[in-house]
Amino acid sequence: MPDIVFRQHRNIELSTIEHINTQIQANWDNITVVKAFAEAYKQKLPVVAVEVGDVDAGRLEVGANTLEKEYSLTIDIFSTSNGQANDLAEFIVEDVIKNGWVYKEYSRDSGAETVSGVASGRVRVSSRISNRKLNFGDNPANFDKYRRIITASIRKA
Amino acid sequence: MFKIDIDFRINSLARFSKEERKLAKTVGIGPRTNSSTLSESVIASAAGIARAAVYKIAVDTKNYMREFINTHRRRNPETHGENPSEKRKTNVDSLSSVIDVHELGSVPGFYAVGVGSVQELGVFAPYWYLINYGGLARVKSPFIPGSFNGNPADPALKGTGIDAFNYEKGSKFGMSSDNLTIILPMHYVDRTEDWLRQNANILARKYGEQK
């Protein structure tokens, strides 16, 4: 029995980052995937920052105590050219997140540095996926020159 | 920033609440009235109800966005000094106060309102984009008057000079710094869009025909 068992929010976050990282490393070269937005600025371009943020919870059905939780997924793409940003964003939407991915329940033994995950369902994109180019004006910092942002609402299926 | 428009046709009074049906009765709409039999003035009254509902959701959207911004701010607005006269608006204060509702158009059967004008934001809260999406911002510190033993700062001596910098009010010499700082994203536009989407769907089912 592991000492620390993660709850759904962290499980969704880790499952999502693991899936996106695996797919990008298998299909692209020299792209770093990081967990937090601020972490991206410490890396070498191009970088993909994945964050699972706010939670909206509603009753699964009238009178039920079970909550149906929706998480906001934000993927920031920091690229070296417009073309690369466009291709990478489309790849992430069409080939990585559109059809959902495996949900894992993660745990960690006391003192261990790594976590282990066991498949336990799927993560689905519940409503919308938006993929936008960001424009920071005429003279943005190098890191913000070629950026795109993908946002979606996701939930455990 | 957001545009809410809705095509509304009067198909069935069953869509209206008790209060709205009561109001409709006063202008002659019955439960089985067909839209084709309604007079123009009656349709105008019912359309007015729908228009008011659209306007209300725009105001609610504005309030939601302002509240979201204020509850997710990272900087207290009172950090600018102990003296009340020294306080000034932060970028987030300006952003929150400039988001408002704008009527965009109204023709029979169609009504549109907007929440947040990009033109106004560009003038009064130019950092709205950076606060929403995050990024690098150039932050320049205030100019501090002073000198190194009566001499201005010499970039060639950076890190090796032996004189201390002394504050001297009114000095023509001085120092300031110019740094790039990471602004974390607030995503207030996306979160408000999620909220609006849910509530606009309820409104559209009640009054409108979704395109």
# chains A, B, ... in the order shown; residues from 1 in each chain; ligands from 1

$ select_by_dssp --residues "segment 5-126 of chain A" --states "strand (DSSP E or B)" --output "VMD selection string"
chain A and resid 5 32 to 34 47 to 59 67 to 79 101 to 108 116 to 126

$ residues_around --residues "Asn11 of chain A" --least-positions-apart "6" --cutoff "10 Å" --atoms "only C-alpha atoms" --output "list of chain:residue names"
A:Val5, A:Ile17, A:Tyr103, A:Lys104, A:Glu105, A:Tyr106, A:Ser107, A:Gly117, A:Lys156

$ write_last_selection --atoms "all heavy atoms" --output "PDB file, in the first residue's frame"
ATOM      1  N   VAL A   5      -1.465   8.777  -1.673  1.00  0.00           N
ATOM      2  CA  VAL A   5      -2.311   8.533  -2.841  1.00  0.00           C
ATOM      3  C   VAL A   5      -2.859   9.880  -3.297  1.00  0.00           C
ATOM      4  O   VAL A   5      -3.449  10.614  -2.500  1.00  0.00           O
ATOM      5  CB  VAL A   5      -3.476   7.578  -2.488  1.00  0.00           C
ATOM      6  CG1 VAL A   5      -4.372   7.376  -3.685  1.00  0.00           C
ATOM      7  CG2 VAL A   5      -2.930   6.249  -1.989  1.00  0.00           C
ATOM      8  N   ILE A  17      -0.167  15.873 -18.345  1.00  0.00           N
ATOM      9  CA  ILE A  17       1.216  16.250 -18.675  1.00  0.00           C
ATOM     10  C   ILE A  17       1.971  15.049 -19.217  1.00  0.00           C
ATOM     11  O   ILE A  17       2.709  15.159 -20.209  1.00  0.00           O
ATOM     12  CB  ILE A  17       1.914  16.846 -17.433  1.00  0.00           C
ATOM     13  CG1 ILE A  17       1.262  18.177 -17.069  1.00  0.00           C
ATOM     14  CG2 ILE A  17       3.403  17.048 -17.683  1.00  0.00           C
ATOM     15  CD1 ILE A  17       1.642  18.722 -15.725  1.00  0.00           C
ATOM     16  N   TYR A 103      -6.579   8.184 -18.017  1.00  0.00           N
ATOM     17  CA  TYR A 103      -6.528   8.762 -16.667  1.00  0.00           C
ATOM     18  C   TYR A 103      -5.825   7.772 -15.756  1.00  0.00           C
ATOM     19  O   TYR A 103      -6.163   6.595 -15.728  1.00  0.00           O
ATOM     20  CB  TYR A 103      -7.953   9.012 -16.165  1.00  0.00           C
ATOM     21  CG  TYR A 103      -8.038   9.427 -14.709  1.00  0.00           C
ATOM     22  CD1 TYR A 103      -7.870  10.746 -14.325  1.00  0.00           C
ATOM     23  CD2 TYR A 103      -8.309   8.480 -13.714  1.00  0.00           C
ATOM     24  CE1 TYR A 103      -7.961  11.121 -12.989  1.00  0.00           C
ATOM     25  CE2 TYR A 103      -8.392   8.850 -12.379  1.00  0.00           C
ATOM     26  CZ  TYR A 103      -8.220  10.168 -12.020  1.00  0.00           C
ATOM     27  OH  TYR A 103      -8.298  10.540 -10.690  1.00  0.00           O
ATOM     28  N   LYS A 104      -4.820   8.241 -15.031  1.00  0.00           N
ATOM     29  CA  LYS A 104      -4.093   7.360 -14.118  1.00  0.00           C
ATOM     30  C   LYS A 104      -4.256   7.840 -12.685  1.00  0.00           C
ATOM     31  O   LYS A 104      -4.350   9.046 -12.432  1.00  0.00           O
ATOM     32  CB  LYS A 104      -2.604   7.339 -14.487  1.00  0.00           C
ATOM     33  CG  LYS A 104      -2.308   6.625 -15.791  1.00  0.00           C
ATOM     34  CD  LYS A 104      -0.809   6.611 -16.035  1.00  0.00           C
ATOM     35  CE  LYS A 104      -0.497   5.885 -17.338  1.00  0.00           C
ATOM     36  NZ  LYS A 104       0.944   5.936 -17.645  1.00  0.00           N
ATOM     37  N   GLU A 105      -4.267   6.877 -11.782  1.00  0.00           N
ATOM     38  CA  GLU A 105      -4.251   7.217 -10.353  1.00  0.00           C
ATOM     39  C   GLU A 105      -2.815   7.069  -9.874  1.00  0.00           C
ATOM     40  O   GLU A 105      -2.232   5.995  -9.984  1.00  0.00           O
ATOM     41  CB  GLU A 105      -5.198   6.304  -9.584  1.00  0.00           C
ATOM     42  CG  GLU A 105      -6.651   6.667  -9.855  1.00  0.00           C
ATOM     43  CD  GLU A 105      -7.651   5.814  -9.093  1.00  0.00           C
ATOM     44  OE1 GLU A 105      -7.252   4.745  -8.583  1.00  0.00           O
ATOM     45  OE2 GLU A 105      -8.824   6.210  -9.042  1.00  0.00           O
ATOM     46  N   TYR A 106      -2.275   8.177  -9.384  1.00  0.00           N
ATOM     47  CA  TYR A 106      -0.856   8.182  -9.012  1.00  0.00           C
ATOM     48  C   TYR A 106      -0.688   8.028  -7.494  1.00  0.00           C
ATOM     49  O   TYR A 106      -1.547   8.444  -6.706  1.00  0.00           O
ATOM     50  CB  TYR A 106      -0.211   9.503  -9.449  1.00  0.00           C
ATOM     51  CG  TYR A 106      -0.048   9.616 -10.945  1.00  0.00           C
ATOM     52  CD1 TYR A 106      -1.073  10.102 -11.738  1.00  0.00           C
ATOM     53  CD2 TYR A 106       1.130   9.207 -11.573  1.00  0.00           C
ATOM     54  CE1 TYR A 106      -0.949  10.198 -13.113  1.00  0.00           C
ATOM     55  CE2 TYR A 106       1.270   9.312 -12.950  1.00  0.00           C
ATOM     56  CZ  TYR A 106       0.236   9.797 -13.704  1.00  0.00           C
ATOM     57  OH  TYR A 106       0.371   9.887 -15.062  1.00  0.00           O
ATOM     58  N   SER A 107       0.440   7.446  -7.136  1.00  0.00           N
ATOM     59  CA  SER A 107       0.764   7.303  -5.717  1.00  0.00           C
ATOM     60  C   SER A 107       2.283   7.335  -5.554  1.00  0.00           C
ATOM     61  O   SER A 107       3.025   7.195  -6.533  1.00  0.00           O
ATOM     62  CB  SER A 107       0.201   5.989  -5.173  1.00  0.00           C
ATOM     63  OG  SER A 107       0.741   4.913  -5.914  1.00  0.00           O
ATOM     64  N   GLY A 117       1.870   5.435 -11.629  1.00  0.00           N
ATOM     65  CA  GLY A 117       0.460   5.607 -11.985  1.00  0.00           C
ATOM     66  C   GLY A 117      -0.156   4.327 -12.525  1.00  0.00           C
ATOM     67  O   GLY A 117       0.501   3.549 -13.207  1.00  0.00           O
ATOM     68  N   LYS A 156     -12.938  13.826 -15.976  1.00  0.00           N
ATOM     69  CA  LYS A 156     -12.654  12.379 -15.934  1.00  0.00           C
ATOM     70  C   LYS A 156     -13.903  11.655 -16.429  1.00  0.00           C
ATOM     71  O   LYS A 156     -15.013  11.931 -15.990  1.00  0.00           O
ATOM     72  CB  LYS A 156     -12.345  11.946 -14.502  1.00  0.00           C
ATOM     73  CG  LYS A 156     -12.031  10.470 -14.398  1.00  0.00           C
ATOM     74  CD  LYS A 156     -11.846  10.063 -12.947  1.00  0.00           C
ATOM     75  CE  LYS A 156     -11.566   8.571 -12.826  1.00  0.00           C
ATOM     76  NZ  LYS A 156     -12.668   7.713 -13.240  1.00  0.00           N
TER      77      LYS A 156
END

$ closest_residue --among "B:Trp128, B:Asp190, B:Leu180, B:Thr61" --to "Arg132 of chain A" --atoms "only C-alpha atoms"
B:Asp190

$ interface_residues --of "chain A" --to "chain B" --cutoff "8 Å" --atoms "only C-alpha atoms" --output "list in words"
Phe37, Ala38, Phe136, Ala141, Phe143, Asp144 and Thr151 of chain A

$ write_last_selection --atoms "all heavy atoms" --output "JSON list (two decimals), in the first residue's frame"
[["chain", "number", "residue", "atom", "x", "y", "z"],
["A", 37, "PHE", "N", 3.66, 27.61, -15.96],
["A", 37, "PHE", "CA", 3.89, 28.72, -16.90],
["A", 37, "PHE", "C", 5.25, 29.38, -16.67],
["A", 37, "PHE", "O", 6.04, 29.56, -17.59],
["A", 37, "PHE", "CB", 2.75, 29.73, -16.74],
["A", 37, "PHE", "CG", 2.85, 30.91, -17.65],
["A", 37, "PHE", "CD1", 2.36, 30.86, -18.94],
["A", 37, "PHE", "CD2", 3.43, 32.08, -17.21],
["A", 37, "PHE", "CE1", 2.45, 31.96, -19.77],
["A", 37, "PHE", "CE2", 3.52, 33.19, -18.03],
["A", 37, "PHE", "CZ", 3.04, 33.12, -19.32],
["A", 38, "ALA", "N", 5.52, 29.74, -15.41],
["A", 38, "ALA", "CA", 6.76, 30.47, -15.10],
["A", 38, "ALA", "C", 7.99, 29.61, -15.41],
["A", 38, "ALA", "O", 9.06, 30.14, -15.74],
["A", 38, "ALA", "CB", 6.78, 30.90, -13.65],
["A", 136, "PHE", "N", 1.61, 40.15, -28.91],
["A", 136, "PHE", "CA", 2.01, 41.09, -27.86],
["A", 136, "PHE", "C", 2.56, 42.40, -28.41],
["A", 136, "PHE", "O", 3.40, 43.04, -27.78],
["A", 136, "PHE", "CB", 3.04, 40.42, -26.94],
["A", 136, "PHE", "CG", 2.43, 39.41, -26.02],
["A", 136, "PHE", "CD1", 2.32, 38.09, -26.41],
["A", 136, "PHE", "CD2", 1.91, 39.77, -24.79],
["A", 136, "PHE", "CE1", 1.73, 37.14, -25.58],
["A", 136, "PHE", "CE2", 1.32, 38.84, -23.95],
["A", 136, "PHE", "CZ", 1.23, 37.52, -24.35],
["A", 141, "ALA", "N", 9.14, 40.66, -25.98],
["A", 141, "ALA", "CA", 10.35, 39.95, -25.56],
["A", 141, "ALA", "C", 10.49, 38.70, -26.43],
["A", 141, "ALA", "O", 9.48, 38.19, -26.96],
["A", 141, "ALA", "CB", 10.24, 39.57, -24.10],
["A", 143, "PHE", "N", 10.81, 35.63, -25.91],
["A", 143, "PHE", "CA", 10.01, 34.46, -25.53],
["A", 143, "PHE", "C", 8.54, 34.61, -25.93],
["A", 143, "PHE", "O", 7.83, 33.62, -26.10],
["A", 143, "PHE", "CB", 10.10, 34.26, -24.01],
["A", 143, "PHE", "CG", 10.73, 32.96, -23.64],
["A", 143, "PHE", "CD1", 12.10, 32.86, -23.51],
["A", 143, "PHE", "CD2", 9.98, 31.81, -23.47],
["A", 143, "PHE", "CE1", 12.70, 31.67, -23.19],
["A", 143, "PHE", "CE2", 10.58, 30.61, -23.15],
["A", 143, "PHE", "CZ", 11.93, 30.53, -23.01],
["A", 144, "ASP", "N", 8.08, 35.85, -26.05],
["A", 144, "ASP", "CA", 6.66, 36.07, -26.34],
["A", 144, "ASP", "C", 6.39, 36.38, -27.81],
["A", 144, "ASP", "O", 5.27, 36.71, -28.18],
["A", 144, "ASP", "CB", 6.14, 37.24, -25.48],
["A", 144, "ASP", "CG", 6.13, 36.90, -24.00],
["A", 144, "ASP", "OD1", 6.01, 35.70, -23.69],
["A", 144, "ASP", "OD2", 6.25, 37.81, -23.17],
["A", 151, "THR", "N", -6.84, 26.26, -25.03],
["A", 151, "THR", "CA", -7.60, 26.07, -23.78],
["A", 151, "THR", "C", -8.74, 25.09, -24.01],
["A", 151, "THR", "O", -9.29, 25.03, -25.13],
["A", 151, "THR", "CB", -8.17, 27.39, -23.23],
["A", 151, "THR", "OG1", -8.97, 27.99, -24.25],
["A", 151, "THR", "CG2", -7.09, 28.35, -22.82]]

$ closest_residue --among "A:Glu13, A:Arg59, A:Ser72, A:Trp101" --to "Ala119 of chain A" --atoms "only C-alpha atoms"
A:Trp101

$ decode --residues "segment 140-156 of chain A" --atoms "all heavy atoms" --output "PDB file, in the first residue's frame"
ATOM      1  N   PRO A 140       7.806  42.609 -28.774  1.00  0.00           N
ATOM      2  CA  PRO A 140       7.703  41.779 -27.571  1.00  0.00           C
ATOM      3  C   PRO A 140       9.048  41.165 -27.202  1.00  0.00           C
ATOM      4  O   PRO A 140       9.981  41.145 -28.021  1.00  0.00           O
ATOM      5  CB  PRO A 140       6.718  40.687 -27.992  1.00  0.00           C
ATOM      6  CG  PRO A 140       6.893  40.573 -29.463  1.00  0.00           C
ATOM      7  CD  PRO A 140       7.298  41.919 -29.959  1.00  0.00           C
ATOM      8  N   ALA A 141       9.142  40.665 -25.976  1.00  0.00           N
ATOM      9  CA  ALA A 141      10.351  39.950 -25.563  1.00  0.00           C
ATOM     10  C   ALA A 141      10.486  38.704 -26.431  1.00  0.00           C
ATOM     11  O   ALA A 141       9.485  38.192 -26.962  1.00  0.00           O
ATOM     12  CB  ALA A 141      10.236  39.571 -24.096  1.00  0.00           C
ATOM     13  N   ASN A 142      11.709  38.210 -26.570  1.00  0.00           N
ATOM     14  CA  ASN A 142      11.978  37.080 -27.456  1.00  0.00           C
ATOM     15  C   ASN A 142      11.062  35.891 -27.167  1.00  0.00           C
ATOM     16  O   ASN A 142      10.558  35.232 -28.088  1.00  0.00           O
ATOM     17  CB  ASN A 142      13.453  36.668 -27.267  1.00  0.00           C
ATOM     18  CG  ASN A 142      13.923  35.834 -28.429  1.00  0.00           C
ATOM     19  OD1 ASN A 142      13.460  36.032 -29.547  1.00  0.00           O
ATOM     20  ND2 ASN A 142      14.816  34.901 -28.168  1.00  0.00           N
ATOM     21  N   PHE A 143      10.810  35.629 -25.908  1.00  0.00           N
ATOM     22  CA  PHE A 143      10.006  34.463 -25.530  1.00  0.00           C
ATOM     23  C   PHE A 143       8.537  34.605 -25.934  1.00  0.00           C
ATOM     24  O   PHE A 143       7.833  33.622 -26.101  1.00  0.00           O
ATOM     25  CB  PHE A 143      10.096  34.259 -24.008  1.00  0.00           C
ATOM     26  CG  PHE A 143      10.733  32.957 -23.643  1.00  0.00           C
ATOM     27  CD1 PHE A 143      12.102  32.864 -23.507  1.00  0.00           C
ATOM     28  CD2 PHE A 143       9.982  31.814 -23.466  1.00  0.00           C
ATOM     29  CE1 PHE A 143      12.702  31.666 -23.188  1.00  0.00           C
ATOM     30  CE2 PHE A 143      10.576  30.606 -23.151  1.00  0.00           C
ATOM     31  CZ  PHE A 143      11.933  30.531 -23.011  1.00  0.00           C
ATOM     32  N   ASP A 144       8.079  35.850 -26.048  1.00  0.00           N
ATOM     33  CA  ASP A 144       6.658  36.074 -26.338  1.00  0.00           C
ATOM     34  C   ASP A 144       6.387  36.375 -27.806  1.00  0.00           C
ATOM     35  O   ASP A 144       5.268  36.706 -28.181  1.00  0.00           O
ATOM     36  CB  ASP A 144       6.136  37.241 -25.476  1.00  0.00           C
ATOM     37  CG  ASP A 144       6.129  36.896 -24.002  1.00  0.00           C
ATOM     38  OD1 ASP A 144       6.011  35.697 -23.688  1.00  0.00           O
ATOM     39  OD2 ASP A 144       6.251  37.808 -23.175  1.00  0.00           O
ATOM     40  N   LYS A 145       7.408  36.254 -28.652  1.00  0.00           N
ATOM     41  CA  LYS A 145       7.250  36.629 -30.061  1.00  0.00           C
ATOM     42  C   LYS A 145       6.299  35.696 -30.799  1.00  0.00           C
ATOM     43  O   LYS A 145       5.433  36.127 -31.548  1.00  0.00           O
ATOM     44  CB  LYS A 145       8.619  36.603 -30.748  1.00  0.00           C
ATOM     45  CG  LYS A 145       9.198  37.961 -30.987  1.00  0.00           C
ATOM     46  CD  LYS A 145      10.493  37.860 -31.748  1.00  0.00           C
ATOM     47  CE  LYS A 145      11.184  39.213 -31.734  1.00  0.00           C
ATOM     48  NZ  LYS A 145      12.561  39.117 -32.136  1.00  0.00           N
ATOM     49  N   TYR A 146       6.478  34.404 -30.615  1.00  0.00           N
ATOM     50  CA  TYR A 146       5.667  33.427 -31.354  1.00  0.00           C
ATOM     51  C   TYR A 146       4.958  32.516 -30.360  1.00  0.00           C
ATOM     52  O   TYR A 146       5.465  31.460 -30.019  1.00  0.00           O
ATOM     53  CB  TYR A 146       6.552  32.614 -32.302  1.00  0.00           C
ATOM     54  CG  TYR A 146       7.403  33.474 -33.189  1.00  0.00           C
ATOM     55  CD1 TYR A 146       8.775  33.578 -32.983  1.00  0.00           C
ATOM     56  CD2 TYR A 146       6.831  34.220 -34.220  1.00  0.00           C
ATOM     57  CE1 TYR A 146       9.555  34.389 -33.785  1.00  0.00           C
ATOM     58  CE2 TYR A 146       7.608  35.040 -35.018  1.00  0.00           C
ATOM     59  CZ  TYR A 146       8.971  35.121 -34.794  1.00  0.00           C
ATOM     60  OH  TYR A 146       9.734  35.935 -35.576  1.00  0.00           O
ATOM     61  N   ARG A 147       3.814  33.001 -29.886  1.00  0.00           N
ATOM     62  CA  ARG A 147       3.094  32.224 -28.877  1.00  0.00           C
ATOM     63  C   ARG A 147       1.704  31.838 -29.347  1.00  0.00           C
ATOM     64  O   ARG A 147       1.046  32.572 -30.086  1.00  0.00           O
ATOM     65  CB  ARG A 147       2.976  33.031 -27.580  1.00  0.00           C
ATOM     66  CG  ARG A 147       4.192  32.921 -26.695  1.00  0.00           C
ATOM     67  CD  ARG A 147       3.993  33.658 -25.388  1.00  0.00           C
ATOM     68  NE  ARG A 147       2.826  33.193 -24.645  1.00  0.00           N
ATOM     69  CZ  ARG A 147       2.390  33.776 -23.536  1.00  0.00           C
ATOM     70  NH1 ARG A 147       3.004  34.825 -23.048  1.00  0.00           N
ATOM     71  NH2 ARG A 147       1.334  33.311 -22.918  1.00  0.00           N
ATOM     72  N   ARG A 148       1.262  30.682 -28.931  1.00  0.00           N
ATOM     73  CA  ARG A 148      -0.136  30.280 -29.123  1.00  0.00           C
ATOM     74  C   ARG A 148      -0.630  29.745 -27.802  1.00  0.00           C
ATOM     75  O   ARG A 148       0.170  29.309 -26.943  1.00  0.00           O
ATOM     76  CB  ARG A 148      -0.271  29.198 -30.208  1.00  0.00           C
ATOM     77  CG  ARG A 148      -0.041  29.696 -31.605  1.00  0.00           C
ATOM     78  CD  ARG A 148      -0.525  28.693 -32.630  1.00  0.00           C
ATOM     79  NE  ARG A 148      -1.956  28.749 -32.808  1.00  0.00           N
ATOM     80  CZ  ARG A 148      -2.576  29.527 -33.699  1.00  0.00           C
ATOM     81  NH1 ARG A 148      -1.886  30.326 -34.483  1.00  0.00           N
ATOM     82  NH2 ARG A 148      -3.891  29.512 -33.801  1.00  0.00           N
ATOM     83  N   ILE A 149      -1.950  29.761 -27.625  1.00  0.00           N
ATOM     84  CA  ILE A 149      -2.521  29.208 -26.403  1.00  0.00           C
ATOM     85  C   ILE A 149      -3.705  28.311 -26.773  1.00  0.00           C
ATOM     86  O   ILE A 149      -4.540  28.661 -27.611  1.00  0.00           O
ATOM     87  CB  ILE A 149      -2.943  30.331 -25.431  1.00  0.00           C
ATOM     88  CG1 ILE A 149      -3.434  29.738 -24.118  1.00  0.00           C
ATOM     89  CG2 ILE A 149      -4.004  31.235 -26.014  1.00  0.00           C
ATOM     90  CD1 ILE A 149      -3.594  30.774 -22.999  1.00  0.00           C
ATOM     91  N   ILE A 150      -3.705  27.132 -26.180  1.00  0.00           N
ATOM     92  CA  ILE A 150      -4.821  26.193 -26.377  1.00  0.00           C
ATOM     93  C   ILE A 150      -5.528  26.072 -25.026  1.00  0.00           C
ATOM     94  O   ILE A 150      -4.876  25.847 -24.007  1.00  0.00           O
ATOM     95  CB  ILE A 150      -4.296  24.807 -26.812  1.00  0.00           C
ATOM     96  CG1 ILE A 150      -3.574  24.915 -28.154  1.00  0.00           C
ATOM     97  CG2 ILE A 150      -5.436  23.797 -26.900  1.00  0.00           C
ATOM     98  CD1 ILE A 150      -2.785  23.685 -28.522  1.00  0.00           C
ATOM     99  N   THR A 151      -6.842  26.256 -25.033  1.00  0.00           N
ATOM    100  CA  THR A 151      -7.595  26.065 -23.778  1.00  0.00           C
ATOM    101  C   THR A 151      -8.737  25.092 -24.015  1.00  0.00           C
ATOM    102  O   THR A 151      -9.288  25.030 -25.127  1.00  0.00           O
ATOM    103  CB  THR A 151      -8.170  27.393 -23.229  1.00  0.00           C
ATOM    104  OG1 THR A 151      -8.968  27.989 -24.254  1.00  0.00           O
ATOM    105  CG2 THR A 151      -7.091  28.348 -22.817  1.00  0.00           C
ATOM    106  N   ALA A 152      -9.063  24.346 -22.997  1.00  0.00           N
ATOM    107  CA  ALA A 152     -10.165  23.380 -23.107  1.00  0.00           C
ATOM    108  C   ALA A 152     -10.695  23.071 -21.719  1.00  0.00           C
ATOM    109  O   ALA A 152     -10.019  23.294 -20.710  1.00  0.00           O
ATOM    110  CB  ALA A 152      -9.666  22.098 -23.767  1.00  0.00           C
ATOM    111  N   SER A 153     -11.930  22.581 -21.676  1.00  0.00           N
ATOM    112  CA  SER A 153     -12.482  22.071 -20.427  1.00  0.00           C
ATOM    113  C   SER A 153     -12.378  20.556 -20.456  1.00  0.00           C
ATOM    114  O   SER A 153     -12.767  19.945 -21.468  1.00  0.00           O
ATOM    115  CB  SER A 153     -13.955  22.461 -20.285  1.00  0.00           C
ATOM    116  OG  SER A 153     -14.062  23.851 -20.176  1.00  0.00           O
ATOM    117  N   ILE A 154     -11.853  19.958 -19.402  1.00  0.00           N
ATOM    118  CA  ILE A 154     -11.684  18.506 -19.398  1.00  0.00           C
ATOM    119  C   ILE A 154     -12.329  17.897 -18.150  1.00  0.00           C
ATOM    120  O   ILE A 154     -12.532  18.587 -17.165  1.00  0.00           O
ATOM    121  CB  ILE A 154     -10.191  18.103 -19.468  1.00  0.00           C
ATOM    122  CG1 ILE A 154      -9.393  18.721 -18.314  1.00  0.00           C
ATOM    123  CG2 ILE A 154      -9.581  18.509 -20.787  1.00  0.00           C
ATOM    124  CD1 ILE A 154      -7.946  18.255 -18.249  1.00  0.00           C
ATOM    125  N   ARG A 155     -12.655  16.635 -18.234  1.00  0.00           N
ATOM    126  CA  ARG A 155     -13.209  15.938 -17.081  1.00  0.00           C
ATOM    127  C   ARG A 155     -12.839  14.465 -17.128  1.00  0.00           C
ATOM    128  O   ARG A 155     -12.476  13.950 -18.177  1.00  0.00           O
ATOM    129  CB  ARG A 155     -14.724  16.105 -17.021  1.00  0.00           C
ATOM    130  CG  ARG A 155     -15.472  15.425 -18.135  1.00  0.00           C
ATOM    131  CD  ARG A 155     -16.960  15.388 -17.872  1.00  0.00           C
ATOM    132  NE  ARG A 155     -17.521  16.723 -17.816  1.00  0.00           N
ATOM    133  CZ  ARG A 155     -18.789  16.992 -18.111  1.00  0.00           C
ATOM    134  NH1 ARG A 155     -19.595  16.020 -18.483  1.00  0.00           N
ATOM    135  NH2 ARG A 155     -19.247  18.212 -18.056  1.00  0.00           N
ATOM    136  N   LYS A 156     -12.938  13.826 -15.976  1.00  0.00           N
ATOM    137  CA  LYS A 156     -12.654  12.379 -15.934  1.00  0.00           C
ATOM    138  C   LYS A 156     -13.903  11.655 -16.429  1.00  0.00           C
ATOM    139  O   LYS A 156     -15.013  11.931 -15.990  1.00  0.00           O
ATOM    140  CB  LYS A 156     -12.345  11.946 -14.502  1.00  0.00           C
ATOM    141  CG  LYS A 156     -12.031  10.470 -14.398  1.00  0.00           C
ATOM    142  CD  LYS A 156     -11.846  10.063 -12.947  1.00  0.00           C
ATOM    143  CE  LYS A 156     -11.566   8.571 -12.826  1.00  0.00           C
ATOM    144  NZ  LYS A 156     -12.668   7.713 -13.240  1.00  0.00           N
TER     145      LYS A 156
END
